[in-house]
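Participant: Have a look at this one before I ask anything.
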Amino acid sequence: MEDPSYNRRWSLLSVCFLRQFVALSLSFAVVGCASESVGSAASRSGSSVVLAQQTAQSDAPILSGQMSGQMSGQMSGQSDPLDASVPPAKPEPILPRPLPLPPSTEPVVAIRIETLQLSESVVINHPSGSIRLSPEHPSPSEFECVVKTPVTIQSSADGWRITSARDGNRPSQSRDFSAGELTVRAVANDSKPLSFNGVNWPGKMRIIRTATSIDLVMDVPMESYLPGVIAKELYSSWCQAAYSAQAIAARSFAVVEEARWQGRRHYDMVAGQQSQAWVGSTDNAKAIAAVRETRGQVLVHDGLVVPAYYSSACGGRPANAVGVLTDNPYHDIAPVSTGDHSALRTGCCENFKVATWKLSIPLAQVQARLQRWGGANRRADLAALRTPSSITVEEKHASGRPKFFRITTANGGSVTMEAEDFRRAMNAAGDAKTNLKSCDCHIQIRAGAAEFSGRGFGHGVGLCQHGAQAMGAKGSSFVQILARYYPDTMIVKAWK
Ligand SMILES: [Zn+2]
């Protein structure tokens, strides 16, 4: 958990550090130095301009789902069909926070792009050939410096060991910094992104050592963050209206997450399914245009920003945010709720392949995946699970989607687990071909295999991306798309 005074502390340190630096001039492959205040989250007291009033369209309540058109989407473990990443476990319980007001200025969001083992090295590049490096605890021997790239950063017994590239005839050099965060950014007046692992990341990078890992976190202005989200979320052939609707949903979701985590941990979101997919910098023209067209616009309900969850395909059966994605009672609002009855949604994603699907997984695989998930999640009953003889729906959400599955074994024993956890357990195997697209499915055990018949792709809460594309293809605007999938909301322009 992060110290709540974190940003303030950082700013003070920056000032101290700059004073010290002015008084010093040291050398270590130092080509220059610069000053820059550390960005922090924008204030949020918002004066907002209402752009569009959405009429509550209640063609069907929204019940449970997730993920995105092309791939990922947020929260609740839907996995990218092209990506074998492990879906996330349910987030740890934290005190629920109320939804935020629309921020009056563009927020800077903190995105964790990578978690490395303590023994691993971080290698940073920049097209200019150098980067600026700032220690958290500047001292007479530690100061902001410009270092030749590629720069290798390793955790050492006392802090960090920094090794710069060769510079002409000067060999590569190493230097130690004491413990604390390191900040990496482009040299002054260079807006090109940093490069790590072959990916370009906009913003400035913080390298943070936790008790067990090295976290790489990008602090990036919201509007620079979003294109790399949208580019990953939707297929390139999809229409601009779907892109723009997705941009506003992703921006609203990010505003809520930023408010949720501020002062609680050293990042707001991860680059991945637990939050939103993020590919870093992108040249995807549709994504860039969608973000530009909707700049500063967020979804608001009762004056507060909506946690605009979205998923790939609802399969005609939308889901409720609370109970599926979150236990936060402040998220129990009309835009992401299905009400207390079950109803199928029509005229949505049914013409896409993901609307209904079938899958077969050998029973031994199902058992092994459940055992592994049980072992990793303190479920001794699952860790010791015998061969399943039946898997049935124990309880349903109001939407009609499964809430709990009951797994009965050949010896007569049985265990229950949450349906979303069941999907996480299946998908943790990392085998994209046998990923469960959603937990809205019927399971039959036959001939040594579990045969799944399911609907939709993802958790099904909020925007149905395939449905948004279907609407856009028929000429609906992004305003109409958002009005359908987030009833009882308005679009407001929160910042310029
Ligand atoms: Zn749908």
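By order in the structure tokens, chains are A, B, ...; within a chain, residues start at 1; ligands start at 1, following the order shown.
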Please, which residues of range 187-291 of chain A, numbered as in this document, come out strand (DSSP E) from DSSP, as a list in words?
Facilitator: Leu194, Ser195, Phe196, Val199, Asn200, Trp201, Lys204, Met205, Arg206, Ile207, Ile208, Arg209, Ser213, Ile214, Asp215, Leu216, Val217, Met218, Asp219, Val220, Pro221, Met269 and Val270 of chain A
Participant: Name the residues, by chain letter and number, that sit within 6 Å of ligand 1 using only C-alpha atoms and all ligand atoms, and give them as number ranges by chain.
Facilitator: A: 313-316, 348-349, 464, 467
Participant: Keeping only N, CA and C atoms, take the residues you just selected and write them out as a PDB file, in the first residue's frame.
Facilitator:
ATOM      1  N   ALA A 313     -18.890  -9.350 -25.554  1.00  0.00           N
ATOM      2  CA  ALA A 313     -20.211  -9.701 -26.079  1.00  0.00           C
ATOM      3  C   ALA A 313     -21.076 -10.207 -24.938  1.00  0.00           C
ATOM      4  N   CYS A 314     -22.256  -9.622 -24.814  1.00  0.00           N
ATOM      5  CA  CYS A 314     -23.134 -10.006 -23.702  1.00  0.00           C
ATOM      6  C   CYS A 314     -23.868 -11.314 -23.998  1.00  0.00           C
ATOM      7  N   GLY A 315     -23.848 -11.727 -25.256  1.00  0.00           N
ATOM      8  CA  GLY A 315     -24.545 -12.955 -25.615  1.00  0.00           C
ATOM      9  C   GLY A 315     -26.050 -12.846 -25.438  1.00  0.00           C
ATOM     10  N   GLY A 316     -26.520 -11.609 -25.378  1.00  0.00           N
ATOM     11  CA  GLY A 316     -27.957 -11.400 -25.208  1.00  0.00           C
ATOM     12  C   GLY A 316     -28.405 -11.458 -23.761  1.00  0.00           C
ATOM     13  N   CYS A 348     -28.581  -7.051 -30.377  1.00  0.00           N
ATOM     14  CA  CYS A 348     -27.268  -6.691 -29.838  1.00  0.00           C
ATOM     15  C   CYS A 348     -26.179  -7.429 -30.607  1.00  0.00           C
ATOM     16  N   CYS A 349     -25.603  -8.444 -29.998  1.00  0.00           N
ATOM     17  CA  CYS A 349     -24.432  -9.091 -30.583  1.00  0.00           C
ATOM     18  C   CYS A 349     -24.761 -10.445 -31.207  1.00  0.00           C
ATOM     19  N   CYS A 464     -21.688  -3.609 -24.451  1.00  0.00           N
ATOM     20  CA  CYS A 464     -21.387  -4.828 -25.207  1.00  0.00           C
ATOM     21  C   CYS A 464     -20.662  -4.362 -26.471  1.00  0.00           C
ATOM     22  N   GLY A 467     -22.111  -5.475 -29.696  1.00  0.00           N
ATOM     23  CA  GLY A 467     -23.386  -4.795 -29.887  1.00  0.00           C
ATOM     24  C   GLY A 467     -23.176  -3.348 -30.316  1.00  0.00           C
TER      25      GLY A 467
END
Participant: Which is closest to Ala425 in chain A among A:Gly462, A:Pro388, A:Ala449, A:Val366, if we use only C-alpha atoms?
Facilitator: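 Selected residue with least distance to Ala425 in chain A: A:Val366.
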Participant: So how many Å separate CA of His301 in chain A and CA of Ala247 in chain A, to one decimal?
Facilitator: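 The value is 17.4 Å.
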Participant: Would you please work out which residue, of A:Phe457, A:Trp495, A:Phe478, A:Tyr486, is nearest to Thr105 in chain A when using only C-alpha atoms?
Facilitator: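 The answer is A:Trp495, which sits nearest to Thr105 in chain A.
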Participant: Leaving out Val184 in chain A and any residue of its chain fewer than 4 positions from it, which residues lie within 6 Å of it when counting only C-alpha atoms, given as a VMD selection string?
Facilitator: chain A and resid 132 to 133 204 to 205
Participant: Hey, which of A:Met218, A:Leu482, A:Ala334, A:Ala321 ends up closest to Ala250 in chain A? Count only C-alpha atoms.
Facilitator: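 Distance minimum relative to Ala250 in chain A lands on A:Leu482.
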Participant: Applying 12 Å and only C-alpha atoms, which residues near Leu436 in chain A remain after dropping the ones on its own chain fewer than 3 positions away? List them as a short mmCIF file (atom, residue, chain, number, x, y, z; two decimals) with N, CA and C atoms, in the first residue's frame.
Facilitator:
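The result, stored in around21.cif:
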data_model
loop_
_atom_site.label_atom_id
_atom_site.label_comp_id
_atom_site.auth_asym_id
_atom_site.auth_seq_id
_atom_site.Cartn_x
_atom_site.Cartn_y
_atom_site.Cartn_z
N GLY A 77 -11.67 -11.22 -15.51
CA GLY A 77 -11.02 -12.25 -16.19
C GLY A 77 -11.51 -12.77 -17.49
N GLN A 78 -11.78 -11.96 -18.39
CA GLN A 78 -12.03 -12.55 -19.69
C GLN A 78 -10.76 -12.52 -20.44
N SER A 79 -10.43 -13.59 -21.08
CA SER A 79 -9.15 -13.50 -21.67
C SER A 79 -9.20 -13.32 -23.15
N ASP A 80 -8.19 -12.66 -23.60
CA ASP A 80 -8.01 -12.40 -25.00
C ASP A 80 -7.83 -13.72 -25.72
N PRO A 81 -8.59 -13.94 -26.75
CA PRO A 81 -8.44 -15.20 -27.45
C PRO A 81 -7.05 -15.35 -28.06
N ALA A 84 -2.63 -15.65 -24.13
CA ALA A 84 -2.78 -16.74 -23.17
C ALA A 84 -2.53 -16.28 -21.75
N PRO A 87 -5.96 -15.03 -16.35
CA PRO A 87 -6.95 -14.06 -15.89
C PRO A 87 -6.76 -13.74 -14.41
N VAL A 354 -19.38 -14.94 -31.43
CA VAL A 354 -19.19 -15.08 -29.99
C VAL A 354 -20.51 -15.11 -29.22
N THR A 356 -22.92 -17.23 -29.24
CA THR A 356 -23.06 -18.57 -28.64
C THR A 356 -21.85 -19.40 -29.04
N TRP A 357 -21.46 -20.31 -28.19
CA TRP A 357 -20.25 -21.09 -28.45
C TRP A 357 -20.31 -22.44 -27.77
N LYS A 358 -19.47 -23.34 -28.22
CA LYS A 358 -19.33 -24.65 -27.60
C LYS A 358 -17.86 -24.93 -27.38
N LEU A 359 -17.58 -25.70 -26.35
CA LEU A 359 -16.19 -25.99 -26.01
C LEU A 359 -16.15 -27.33 -25.29
N SER A 360 -15.11 -28.09 -25.56
CA SER A 360 -14.94 -29.36 -24.86
C SER A 360 -13.56 -29.39 -24.21
N ILE A 361 -13.51 -29.73 -22.93
CA ILE A 361 -12.23 -29.84 -22.22
C ILE A 361 -12.18 -31.22 -21.56
N VAL A 366 -9.93 -30.38 -16.64
CA VAL A 366 -10.82 -29.58 -15.78
C VAL A 366 -10.44 -29.79 -14.32
N ALA A 419 -19.17 -18.64 -10.08
CA ALA A 419 -19.07 -18.93 -11.50
C ALA A 419 -17.89 -18.20 -12.14
N GLU A 420 -17.68 -16.93 -11.76
CA GLU A 420 -16.54 -16.20 -12.34
C GLU A 420 -15.22 -16.81 -11.91
N ASP A 421 -15.18 -17.32 -10.68
CA ASP A 421 -13.96 -18.00 -10.24
C ASP A 421 -13.74 -19.28 -11.04
N PHE A 422 -14.82 -19.96 -11.34
CA PHE A 422 -14.70 -21.17 -12.15
C PHE A 422 -14.07 -20.82 -13.50
N ARG A 423 -14.53 -19.71 -14.07
CA ARG A 423 -13.97 -19.31 -15.36
C ARG A 423 -12.48 -18.93 -15.21
N ARG A 424 -12.18 -18.23 -14.13
CA ARG A 424 -10.78 -17.88 -13.91
C ARG A 424 -9.92 -19.15 -13.78
N ALA A 425 -10.47 -20.12 -13.05
CA ALA A 425 -9.73 -21.37 -12.86
C ALA A 425 -9.48 -22.08 -14.19
N MET A 426 -10.49 -22.11 -15.03
CA MET A 426 -10.33 -22.75 -16.34
C MET A 426 -9.31 -21.99 -17.18
N ASN A 427 -9.37 -20.66 -17.14
CA ASN A 427 -8.55 -19.87 -18.05
C ASN A 427 -7.13 -19.65 -17.54
N ALA A 428 -6.91 -19.96 -16.27
CA ALA A 428 -5.56 -19.79 -15.73
C ALA A 428 -4.58 -20.75 -16.36
N ALA A 429 -5.08 -21.73 -17.05
CA ALA A 429 -4.18 -22.69 -17.69
C ALA A 429 -3.39 -22.03 -18.82
N GLY A 430 -3.87 -20.90 -19.27
CA GLY A 430 -3.14 -20.19 -20.30
C GLY A 430 -3.26 -20.81 -21.68
N ASP A 431 -4.25 -21.68 -21.86
CA ASP A 431 -4.45 -22.31 -23.16
C ASP A 431 -5.61 -21.58 -23.85
N ALA A 432 -5.25 -20.66 -24.73
CA ALA A 432 -6.27 -19.79 -25.34
C ALA A 432 -7.36 -20.58 -26.05
N LYS A 433 -6.98 -21.74 -26.59
CA LYS A 433 -7.97 -22.51 -27.35
C LYS A 433 -9.04 -23.11 -26.45
N CYS A 439 -18.91 -17.26 -18.23
CA CYS A 439 -19.41 -18.32 -17.35
C CYS A 439 -20.91 -18.51 -17.53
N ASP A 440 -21.47 -17.84 -18.52
CA ASP A 440 -22.88 -18.04 -18.82
C ASP A 440 -23.00 -19.28 -19.70
N CYS A 441 -22.89 -20.44 -19.06
CA CYS A 441 -22.84 -21.66 -19.86
C CYS A 441 -23.49 -22.84 -19.13
N HIS A 442 -23.82 -23.81 -19.92
CA HIS A 442 -24.35 -25.08 -19.41
C HIS A 442 -23.23 -26.11 -19.59
N ILE A 443 -23.05 -26.98 -18.59
CA ILE A 443 -21.93 -27.92 -18.66
C ILE A 443 -22.44 -29.35 -18.55
N ALA A 450 -15.67 -32.41 -20.32
CA ALA A 450 -16.70 -31.45 -19.95
C ALA A 450 -17.07 -30.68 -21.20
N GLU A 451 -18.35 -30.73 -21.56
CA GLU A 451 -18.79 -30.05 -22.77
C GLU A 451 -19.59 -28.81 -22.38
N PHE A 452 -19.09 -27.68 -22.82
CA PHE A 452 -19.69 -26.40 -22.46
C PHE A 452 -20.51 -25.86 -23.63
N SER A 453 -21.71 -25.38 -23.32
CA SER A 453 -22.50 -24.62 -24.29
C SER A 453 -22.74 -23.26 -23.66
N GLY A 454 -22.18 -22.23 -24.27
CA GLY A 454 -22.26 -20.93 -23.61
C GLY A 454 -22.70 -19.82 -24.52
N ARG A 455 -22.86 -18.66 -23.89
CA ARG A 455 -23.22 -17.47 -24.65
C ARG A 455 -22.31 -16.32 -24.23
N GLY A 456 -21.94 -15.49 -25.22
CA GLY A 456 -21.21 -14.27 -24.93
C GLY A 456 -19.73 -14.47 -24.65
N PHE A 457 -19.06 -13.34 -24.50
CA PHE A 457 -17.62 -13.32 -24.29
C PHE A 457 -17.34 -12.24 -23.25
N GLY A 458 -17.03 -12.68 -22.05
CA GLY A 458 -16.73 -11.71 -21.01
C GLY A 458 -17.83 -11.65 -19.96
N HIS A 459 -17.70 -10.65 -19.08
CA HIS A 459 -18.60 -10.59 -17.93
C HIS A 459 -19.98 -10.05 -18.26
#
Participant: Give me the residues within 7 Å of Leu463 in chain A as a list in words, counting only C-alpha atoms and dropping any in the same chain fewer than 3 places off.
Facilitator: Tyr309, Tyr310, Ser311, Tyr485 and Tyr486 of chain A
Participant: Give the answer as one residue: which of A:Gln246, A:Ser252, A:Thr294, A:Thr282 has the shortest atom-to-atom distance to Lys496 in chain A, using only C-alpha atoms?
Facilitator: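 Among the listed residues, the smallest separation from Lys496 in chain A belongs to A:Thr294.
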Participant: Name the closest residue to Ile208 in chain A among the candidates A:Ser236, A:Thr115, A:Asn435, A:Gln262; distances are taken between atoms, counting only C-alpha atoms.
Facilitator: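 Closest residue, counting only C-alpha atoms: A:Thr115.
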Participant: Could you tell me how far CA of Val479 in chain A lies from CA of Pro100 in chain A, in Å and to one decimal?
Facilitator: 21.8 Å
Participant: Report, in Å with one decimal, the straight-line distance from CA of Gln117 in chain A to CA of Ile230 in chain A.
Facilitator: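 Value for the CA of Gln117 in chain A-CA of Ile230 in chain A distance: 29.3 Å.
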Participant: Quick one: pick out all helix (DSSP H, G or I) residues within range 271-356 of chain A from a backbone DSSP run and write them as a ChimeraX atom specification.
Facilitator: /A:285-293,329-331,334-336,353-355
